Structures are given as structure tokens and as C-alpha cells.
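**Student:** Here it is, the structure in full.
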Amino acid sequence: MRVLVVFSHPVESSFNAALHQIVVSQLRAAGHEVDDCDLYAEGFSPVMSREERLGYHEVPHNQLPVKSYVERLQRAEALVFCFPTWCFGLPAMLKGFFDRVLMPGVAFDISTPENVKPALTNIKRIVGVVTYGRPRYVAWYMGDPPRKTITRYLRLLTGGSARADYYAHYHMNMATPASLDAFKQRVAHAMATLS
């Protein structure tokens, strides 16, 4: 498959960076064509400008500020997101990617507002590889927005046809070498067997 990997973490020595490398290397070893999108390394701006918001519904002109990202998304058959959970949400960089790229004419068709149609029908697989500082029960109490964004919202944009998997390491503040290694192995296996 053509897999777009979207990585969002500013520190190259982080555990998330190690996960990102595992994701990319295992996908490539499995024969997938990988488009590795490191949002920080690419200098992606997460801020939607006033002009972008005013032209948000003007398809296809709304796509011009992020044209290269739109093309990469539309070319993909699978999406893998690798990121940390901060304040029980997506990092601002990744949230900005969603805000600026998942727009009318790209992620959904809003030409008939009472009947919004999904437009990411090219996507067949969605995967989240995510870390949390707090335990799972706290994420559950907070409603676990990142999990819902990856496994529900993105699937909705595919028309519900994409299969979504979510791999989470909770309670990073109490992580041990054994738990980190086990999670790396779990992610490696998931990427090696992605279909």
C-alpha cells in the first residue's frame, strides 16, 4: 500500500521519535511505499490564517496554501499517525494539520450542507501509535479524545470503510524499560503485518 506516515514530535531523541523510526522501517521492510511526513522537520505551520479561514469553503482554492499535503493525503491508501498525547489532545502541530488539511473538497464534500459526504474514500487503513503521560483510566475519564479522533472521526471521513487500529502506551510517567520495549515490539509487529 501507499502509506502516509504523519509524525508529530519536536524532539529527535524522544520515545516517540524511536517509535516513528520503527513505524517507517517496518512498513518499508514489509514492502509498502512510505511517504514519511515529519511535521516538525518539514516546518509545517499549524496556524490557520485569517485568509485561509475566510476561504475555507471555496473549493478548490481553499487547498492552495497546503496543496502539497493535500496531494500526499489523496495519494495515500493508508494513514499512520505517530504522536504524543498532550493535555489529553493532539499536539498543536498535529491538530493544525487536521484543521488546515482535512478541509472541504479534501476530507468531506459539504456542497450540500444537510448531507455532508465523506471524501477520503481512498483511505483503507488508519493506525494511531500514541503515548500518554497518564494512566488509561484517566484518559477514559477524560473521554480519550485522541483515540476517538483516530478511530472514529477519521473513519467517518472515509465513509466508515477504513479499518482503524490504535496502539497506545499509557502512563509514560511510570514507564519501565520493559514496558517501553514491549510496546516497541507491539508496534513493530503491527507495522510488519499491516494489510
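Please note that chains go A, B, ... in the order of the C-alpha cells, that every chain numbers its residues from 1, and that ligands are numbered from 1 in the order shown.
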Within 7 Å of segment 9-32 of chain A, which residues of segment 126-193 of chain A show up? Give each one with its shortest atom-to-atom distance in Å (one decimal) and the two atoms involved, counting only C-alpha atoms, rows by chain then rising residue number, as JSON lines.
**Tutor:**
{"residue": "A:Lys184", "atom": "CA", "partner": "A:Leu19", "partner_atom": "CA", "distance": 6.6}
{"residue": "A:Ala188", "atom": "CA", "partner": "A:Ile22", "partner_atom": "CA", "distance": 6.0}
{"residue": "A:Met191", "atom": "CA", "partner": "A:Leu27", "partner_atom": "CA", "distance": 5.4}
{"residue": "A:Ala192", "atom": "CA", "partner": "A:Gln26", "partner_atom": "CA", "distance": 5.2}
**Student:** Mind writing the picked residues with N, CA, C and O atoms as a compact mmCIF listing (two decimals), in the first residue's frame?
**Tutor:**
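Listed below is the output, result09.txt:
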# COMPACT_ATOMS: atom_id res chain seq x y z
N LYS A 184 7.35 -1.16 21.84
CA LYS A 184 8.07 -1.09 20.57
C LYS A 184 7.86 -2.37 19.75
O LYS A 184 7.63 -2.31 18.54
N ALA A 188 6.12 -2.66 16.15
CA ALA A 188 6.87 -3.25 15.04
C ALA A 188 6.08 -4.37 14.38
O ALA A 188 6.00 -4.47 13.15
N MET A 191 3.13 -2.96 12.31
CA MET A 191 3.55 -2.37 11.04
C MET A 191 4.01 -3.45 10.05
O MET A 191 3.74 -3.36 8.85
N ALA A 192 4.68 -4.46 10.56
CA ALA A 192 5.18 -5.55 9.70
C ALA A 192 4.05 -6.35 9.10
O ALA A 192 4.22 -6.97 8.04
**Student:** If you run DSSP on the backbone, which residues of segment 20-184 of chain A are helix (DSSP H, G or I), as a count of residues only?
**Tutor:** 73
**Student:** With only C-alpha atoms as the atoms that count, which of A:Asp35, A:Asn122, A:Asp109, A:Arg134 lies nearest to Pro60 of chain A?
**Tutor:** A:Asp109
**Student:** According to DSSP computed on the backbone, where in segment 23-181 of chain A is there strand (DSSP E)? Give the residues as JSON, numbers by chain.
**Tutor:** {"A": [33, 34, 35, 36, 37, 38, 78, 79, 80, 81, 82, 83, 84, 108, 109, 117, 118, 125, 126, 127, 128, 129, 130, 131, 163, 164, 165, 166, 167, 168, 169]}
**Student:** Just to be explicit: take each residue in the selection above, keep N, CA and C atoms, and write the result as an mmCIF file, in the first residue's frame.
**Tutor:**
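Output below, filename result_21.cif:
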data_model
loop_
_atom_site.group_PDB
_atom_site.id
_atom_site.type_symbol
_atom_site.label_atom_id
_atom_site.label_comp_id
_atom_site.auth_asym_id
_atom_site.auth_seq_id
_atom_site.Cartn_x
_atom_site.Cartn_y
_atom_site.Cartn_z
ATOM 1 N N GLU A 33 4.965 1.328 0.187
ATOM 2 C CA GLU A 33 5.547 2.588 -0.273
ATOM 3 C C GLU A 33 5.227 3.637 0.787
ATOM 4 N N VAL A 34 6.250 4.169 1.439
ATOM 5 C CA VAL A 34 6.040 5.048 2.589
ATOM 6 C C VAL A 34 6.364 6.498 2.245
ATOM 7 N N ASP A 35 5.408 7.369 2.512
ATOM 8 C CA ASP A 35 5.615 8.813 2.436
ATOM 9 C C ASP A 35 5.730 9.273 3.886
ATOM 10 N N ASP A 36 6.934 9.577 4.314
ATOM 11 C CA ASP A 36 7.210 9.907 5.714
ATOM 12 C C ASP A 36 7.106 11.415 5.933
ATOM 13 N N CYS A 37 6.031 11.837 6.573
ATOM 14 C CA CYS A 37 5.763 13.251 6.811
ATOM 15 C C CYS A 37 6.056 13.599 8.271
ATOM 16 N N ASP A 38 7.235 14.166 8.516
ATOM 17 C CA ASP A 38 7.637 14.628 9.846
ATOM 18 C C ASP A 38 7.276 16.115 9.904
ATOM 19 N N ALA A 78 -3.279 4.344 3.019
ATOM 20 C CA ALA A 78 -3.277 4.098 4.463
ATOM 21 C C ALA A 78 -2.638 5.297 5.162
ATOM 22 N N LEU A 79 -3.094 5.551 6.386
ATOM 23 C CA LEU A 79 -2.554 6.635 7.205
ATOM 24 C C LEU A 79 -2.068 6.064 8.527
ATOM 25 N N VAL A 80 -0.861 6.447 8.920
ATOM 26 C CA VAL A 80 -0.341 6.070 10.235
ATOM 27 C C VAL A 80 0.079 7.353 10.937
ATOM 28 N N PHE A 81 -0.528 7.604 12.090
ATOM 29 C CA PHE A 81 -0.219 8.795 12.883
ATOM 30 C C PHE A 81 0.587 8.377 14.104
ATOM 31 N N CYS A 82 1.704 9.033 14.317
ATOM 32 C CA CYS A 82 2.592 8.735 15.444
ATOM 33 C C CYS A 82 2.787 10.028 16.227
ATOM 34 N N PHE A 83 2.291 10.059 17.485
ATOM 35 C CA PHE A 83 2.320 11.313 18.230
ATOM 36 C C PHE A 83 2.126 11.080 19.730
ATOM 37 N N PRO A 84 2.514 12.057 20.546
ATOM 38 C CA PRO A 84 2.231 12.008 21.980
ATOM 39 C C PRO A 84 0.895 12.691 22.261
ATOM 40 N N PHE A 108 -14.045 15.984 3.098
ATOM 41 C CA PHE A 108 -15.500 15.850 3.015
ATOM 42 C C PHE A 108 -16.047 16.818 1.968
ATOM 43 N N ASP A 109 -17.240 16.473 1.479
ATOM 44 C CA ASP A 109 -17.943 17.292 0.496
ATOM 45 C C ASP A 109 -19.124 17.937 1.213
ATOM 46 N N LYS A 117 -20.838 14.630 2.739
ATOM 47 C CA LYS A 117 -20.370 13.321 2.270
ATOM 48 C C LYS A 117 -18.878 13.156 2.562
ATOM 49 N N PRO A 118 -18.453 11.958 2.929
ATOM 50 C CA PRO A 118 -17.021 11.705 3.146
ATOM 51 C C PRO A 118 -16.270 11.757 1.818
ATOM 52 N N ARG A 125 -6.913 2.035 5.415
ATOM 53 C CA ARG A 125 -6.389 1.677 6.744
ATOM 54 C C ARG A 125 -5.972 2.933 7.470
ATOM 55 N N ILE A 126 -6.265 2.979 8.768
ATOM 56 C CA ILE A 126 -5.869 4.084 9.639
ATOM 57 C C ILE A 126 -5.258 3.473 10.896
ATOM 58 N N VAL A 127 -4.108 3.998 11.295
ATOM 59 C CA VAL A 127 -3.448 3.484 12.500
ATOM 60 C C VAL A 127 -2.950 4.655 13.338
ATOM 61 N N GLY A 128 -3.151 4.551 14.645
ATOM 62 C CA GLY A 128 -2.579 5.507 15.577
ATOM 63 C C GLY A 128 -1.539 4.817 16.444
ATOM 64 N N VAL A 129 -0.377 5.442 16.601
ATOM 65 C CA VAL A 129 0.677 4.974 17.512
ATOM 66 C C VAL A 129 0.914 6.138 18.471
ATOM 67 N N VAL A 130 0.433 5.981 19.702
ATOM 68 C CA VAL A 130 0.256 7.131 20.581
ATOM 69 C C VAL A 130 0.770 6.853 21.993
ATOM 70 N N THR A 131 1.321 7.892 22.613
ATOM 71 C CA THR A 131 1.751 7.785 24.008
ATOM 72 C C THR A 131 0.953 8.765 24.866
ATOM 73 N N ARG A 163 -10.447 0.424 7.998
ATOM 74 C CA ARG A 163 -10.213 -0.250 9.272
ATOM 75 C C ARG A 163 -9.251 0.609 10.086
ATOM 76 N N ALA A 164 -9.571 0.795 11.360
ATOM 77 C CA ALA A 164 -8.731 1.636 12.213
ATOM 78 C C ALA A 164 -8.202 0.833 13.395
ATOM 79 N N ASP A 165 -6.899 0.950 13.641
ATOM 80 C CA ASP A 165 -6.262 0.333 14.798
ATOM 81 C C ASP A 165 -5.575 1.418 15.613
ATOM 82 N N TYR A 166 -5.485 1.177 16.900
ATOM 83 C CA TYR A 166 -4.939 2.192 17.803
ATOM 84 C C TYR A 166 -4.026 1.508 18.810
ATOM 85 N N TYR A 167 -2.767 1.913 18.822
ATOM 86 C CA TYR A 167 -1.780 1.344 19.730
ATOM 87 C C TYR A 167 -1.325 2.443 20.678
ATOM 88 N N ALA A 168 -1.615 2.238 21.951
ATOM 89 C CA ALA A 168 -1.335 3.284 22.929
ATOM 90 C C ALA A 168 -0.479 2.750 24.074
ATOM 91 N N HIS A 169 0.514 3.544 24.451
ATOM 92 C CA HIS A 169 1.279 3.272 25.669
ATOM 93 C C HIS A 169 0.852 4.326 26.678
#
**Student:** Give me, please, the distance in Å between atom CA of Pro91 of chain A and atom CA of Pro46 of chain A, quoted to one decimal.
**Tutor:** 10.0 Å
**Student:** Figure out the distance between atom CA of Gln74 of chain A and atom CA of Gly96 of chain A, please, to one decimal in Å.
**Tutor:**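 So the two atoms, atom CA of Gly96 of chain A and atom CA of Gln74 of chain A, lie 17.9 Å apart.
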**Student:** Calculate how many Å separate atom CA of Leu154 of chain A from atom CA of Gly105 of chain A, rounding to one decimal.
**Tutor:**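 If I compute the distance from atom CA of Leu154 of chain A to atom CA of Gly105 of chain A, I get 15.1 Å.
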**Student:** Env of Ala76 of chain A: 6 Å cut, atoms = only C-alpha atoms, seq-sep filter 5 positions within chain, self excluded. Answer as a list in words.
**Tutor:**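 These residues fall inside the cut-off: Arg2, Val3 and Leu4 of chain A.
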**Student:** Need the shell around Met174 of chain A: protein/DNA/RNA residues with any atom at most 10 Å away, counting only C-alpha atoms. Skip same-chain ones fewer than 2 positions apart. Format as an MDAnalysis selection string?
**Tutor:** chainID A and resid 133:135 170:172 176 179
**Student:** In terms of the shortest atom-to-atom distance over only C-alpha atoms, which of A:Leu120, A:Ala162, A:Leu102, A:Leu157 is closest to Arg75 of chain A?
**Tutor:**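 Smallest separation from Arg75 of chain A among the options: A:Leu120.
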**Student:** Do you know which residues are at most 12 Å from Asn62 of chain A counting only C-alpha atoms, after dropping those on the same chain fewer than 5 positions away, and could you put them as a PyMOL selection string?
**Tutor:** chain A and resi 48-49+51-57+67+70+100-106
**Student:** Here is a test: counting only C-alpha atoms, which residue of A:Val6, A:Val66, A:Met142, A:Ile123 is nearest to Leu39 of chain A?
**Tutor:**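 Using only C-alpha atoms, Leu39 of chain A sits closest to A:Val6.
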**Student:** Using only C-alpha atoms for the distances, tell me which of A:Ala182, A:Met93, A:Glu71, A:Trp140 is nearest to Gly43 of chain A.
**Tutor:** A:Met93
